[in-house]
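**Q** I'd like to ask some things about the structure below.
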Amino acid sequence: MLRITIHDKPRVTSFVIEGKLVGPWVEELEKCWESVLAAEPSSTILVNLTAVTFIDYEGRELLTRMRRLGVRLESAGLVMDAIVGEIEAEVEKENNHGPEDRRSC
Amino acid sequence: MGLKTEEAADPKPNIFWREVVLSDEAPAKAQHLTPPAEITQPLNETVALSIASKLELVEMVELVARSVTAKMGFDEDDSTWIELAIREAVVNGILHGNQYSADKRIDIQFHVEPEAMAVYVRDHGQGFDPTRLPDPLVEENLLKPSNRGIFLIRTLMDEVQYSAHPEGGCVVRMKKYKSPSNEQILAS
């Protein structure tokens, strides 16, 4: 079960994610995100992950892409805090040094 | 004989051999590396969306619906009909159910089944009696642009049910079965 609740306020859109962010259903969150980006490019976007029970590789990759484009991630719990911490560190490292694939070009 | 003695004296080959055999003989230990069936087989899953009563968010629901139907293998026509039916149900919920109320939400659930997709759309309004709606096919209603949403949903989907939610609001349950492929038709 993946549940996405969209709270649409002026200048801030938040996605509350519940359940498992896994496999092909990761794309559903991506569609929602793209839709908000297209409608309100300047809107601040928050993703609340406190009720997420499981994230797979695709889910983590999407969250990393979202974070790179300025989406704020909110988490709670050891596992989700650790995953979000890793994503934050990865994006911060890229911002400071550039991603590895860029360096290799 | 000398070779055997050397093997016995040298523990390395035996340790290596034991490690290999252990990994072959202990499938239970390796099972944790296999993703659960729910991840490798995403069918029978549910994706739920909850949106505010804003028409500009309907497109988001359509995008998600199209994405789900594509993954399920619905053909282009069926995907379009499903998307249109969901759009009508969500718009009805926003306009007639929630009446644009900012504090009322529309909840949409996509239930993915092996042979069909069931979609639930719930509003938080006062509810209505679908049997009391005017028939858009009656001559005096043919040119009226309204009251076609439910007719469209019933036409486009295989099963449609309306019910009152116990906590308030109306629930539309729609179901669309996958069309049999050419191979299935030939096989039958």
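Chain labels A, B, ... are given in the sequence in which chains occur in the structure tokens; within each chain residues are numbered consecutively from 1, and ligands are likewise numbered from 1 in the order shown.
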Excluding range 27-32 of chain A and its own-chain neighbours fewer than 2 positions away, which residues fall within 6 Å of it when counting only C-alpha atoms? Please give them as an MDAnalysis selection string.
**A** (chainID A and resid 24:25 34:35) or (chainID B and resid 60 64)
**Q** Only residues of chain B matter here; which ones have an atom within 8 Å of chain A, counting only C-alpha atoms? Give them as a list of chain:residue names.
**A**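 Using only C-alpha atoms, chain B residues at most 8 Å from chain A: B:Ile39, B:Thr40, B:Pro42, B:Glu45, B:Thr46, B:Val47, B:Ala48, B:Leu49, B:Ser50, B:Ile51, B:Ala52, B:Glu59, B:Met60, B:Val61, B:Leu63, B:Val64, B:Ser67, B:Val68, B:Lys71.
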**Q** Pull N, CA and C atoms from the residues just selected and write them as a PDB file, in the first residue's frame.
**A**
```pdb
ATOM      1  N   ILE B  39       7.373  -7.271  -3.508  1.00  0.00           N
ATOM      2  CA  ILE B  39       8.201  -6.326  -4.253  1.00  0.00           C
ATOM      3  C   ILE B  39       8.442  -6.848  -5.656  1.00  0.00           C
ATOM      4  N   THR B  40       8.743  -8.165  -5.767  1.00  0.00           N
ATOM      5  CA  THR B  40       9.010  -8.714  -7.093  1.00  0.00           C
ATOM      6  C   THR B  40       7.726  -8.842  -7.896  1.00  0.00           C
ATOM      7  N   PRO B  42       4.429  -6.850  -8.118  1.00  0.00           N
ATOM      8  CA  PRO B  42       3.696  -5.695  -7.614  1.00  0.00           C
ATOM      9  C   PRO B  42       2.184  -5.753  -7.790  1.00  0.00           C
ATOM     10  N   GLU B  45      -1.710  -4.700  -5.459  1.00  0.00           N
ATOM     11  CA  GLU B  45      -1.256  -3.597  -4.623  1.00  0.00           C
ATOM     12  C   GLU B  45      -2.315  -2.491  -4.645  1.00  0.00           C
ATOM     13  N   THR B  46      -2.155  -1.557  -3.746  1.00  0.00           N
ATOM     14  CA  THR B  46      -3.055  -0.415  -3.707  1.00  0.00           C
ATOM     15  C   THR B  46      -2.234   0.865  -3.679  1.00  0.00           C
ATOM     16  N   VAL B  47      -2.611   1.771  -4.547  1.00  0.00           N
ATOM     17  CA  VAL B  47      -2.016   3.098  -4.530  1.00  0.00           C
ATOM     18  C   VAL B  47      -3.135   4.076  -4.212  1.00  0.00           C
ATOM     19  N   ALA B  48      -2.936   4.905  -3.228  1.00  0.00           N
ATOM     20  CA  ALA B  48      -3.993   5.826  -2.803  1.00  0.00           C
ATOM     21  C   ALA B  48      -3.506   7.259  -2.905  1.00  0.00           C
ATOM     22  N   LEU B  49      -4.408   8.113  -3.321  1.00  0.00           N
ATOM     23  CA  LEU B  49      -4.118   9.549  -3.376  1.00  0.00           C
ATOM     24  C   LEU B  49      -5.181  10.274  -2.577  1.00  0.00           C
ATOM     25  N   SER B  50      -4.806  11.344  -1.948  1.00  0.00           N
ATOM     26  CA  SER B  50      -5.784  12.195  -1.272  1.00  0.00           C
ATOM     27  C   SER B  50      -5.485  13.631  -1.670  1.00  0.00           C
ATOM     28  N   ILE B  51      -6.474  14.280  -2.262  1.00  0.00           N
ATOM     29  CA  ILE B  51      -6.239  15.645  -2.764  1.00  0.00           C
ATOM     30  C   ILE B  51      -7.287  16.602  -2.192  1.00  0.00           C
ATOM     31  N   ALA B  52      -6.938  17.879  -2.229  1.00  0.00           N
ATOM     32  CA  ALA B  52      -7.904  18.906  -1.833  1.00  0.00           C
ATOM     33  C   ALA B  52      -8.944  19.061  -2.942  1.00  0.00           C
ATOM     34  N   GLU B  59      -5.713  16.776 -12.836  1.00  0.00           N
ATOM     35  CA  GLU B  59      -4.734  16.312 -13.825  1.00  0.00           C
ATOM     36  C   GLU B  59      -3.711  15.376 -13.183  1.00  0.00           C
ATOM     37  N   MET B  60      -3.358  15.676 -11.938  1.00  0.00           N
ATOM     38  CA  MET B  60      -2.411  14.820 -11.225  1.00  0.00           C
ATOM     39  C   MET B  60      -2.984  13.406 -11.067  1.00  0.00           C
ATOM     40  N   VAL B  61      -4.264  13.352 -10.728  1.00  0.00           N
ATOM     41  CA  VAL B  61      -4.918  12.045 -10.568  1.00  0.00           C
ATOM     42  C   VAL B  61      -4.921  11.298 -11.904  1.00  0.00           C
ATOM     43  N   LEU B  63      -2.758  11.633 -14.324  1.00  0.00           N
ATOM     44  CA  LEU B  63      -1.392  11.171 -14.610  1.00  0.00           C
ATOM     45  C   LEU B  63      -1.094   9.870 -13.875  1.00  0.00           C
ATOM     46  N   VAL B  64      -1.499   9.824 -12.623  1.00  0.00           N
ATOM     47  CA  VAL B  64      -1.253   8.616 -11.825  1.00  0.00           C
ATOM     48  C   VAL B  64      -2.079   7.455 -12.384  1.00  0.00           C
ATOM     49  N   SER B  67      -0.468   6.139 -15.443  1.00  0.00           N
ATOM     50  CA  SER B  67       0.751   5.394 -15.101  1.00  0.00           C
ATOM     51  C   SER B  67       0.406   3.988 -14.590  1.00  0.00           C
ATOM     52  N   VAL B  68      -0.631   3.899 -13.747  1.00  0.00           N
ATOM     53  CA  VAL B  68      -1.015   2.590 -13.185  1.00  0.00           C
ATOM     54  C   VAL B  68      -1.562   1.679 -14.289  1.00  0.00           C
ATOM     55  N   LYS B  71       1.199   0.301 -16.437  1.00  0.00           N
ATOM     56  CA  LYS B  71       1.955  -0.784 -15.784  1.00  0.00           C
ATOM     57  C   LYS B  71       1.166  -2.082 -15.783  1.00  0.00           C
TER      58      LYS B  71
END
```
**Q** Can you tell me how far CA of Ala76 in chain A sits from CA of Leu49 in chain A, in Å to one decimal?
**A** 7.2 Å
**Q** Within 9 Å of Glu92 in chain A, counting only C-alpha atoms, which residues show up once you throw out same-chain ones fewer than 5 positions away? Write them as a PyMOL selection string, please.
**A** chain A and resi 68+87+97
**Q** Using only C-alpha atoms, which residues sit within 10 Å of Leu63 in chain A once same-chain residues fewer than 2 positions away are excluded, as a list in words?
**A** Val26, Leu29, Glu30, Val47, Ile55, Tyr57, Glu58, Gly59, Arg60, Glu61, Arg65, Met66, Arg67, Arg68, Leu69, Val71, Arg72, Leu73, Ile83, Val84, Ile87 and Glu88 of chain A
**Q** Which of range 29-128 of chain B counts as strand (DSSP E or B) under DSSP, as number ranges by chain please?
**A** B: 46-52, 105-112, 116-122
**Q** Using only C-alpha atoms, can you tell me which of B:Arg87, B:His111, B:His165, B:Lys54 comes closest to Ile153 in chain B?
**A**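 Result for the nearest residue to Ile153 in chain B: B:Arg87.
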**Q** How many Å lie between CA of Lys175 in chain B and CA of Arg154 in chain B, rounded to one decimal?
**A**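 These atoms are spaced 10.0 Å apart.
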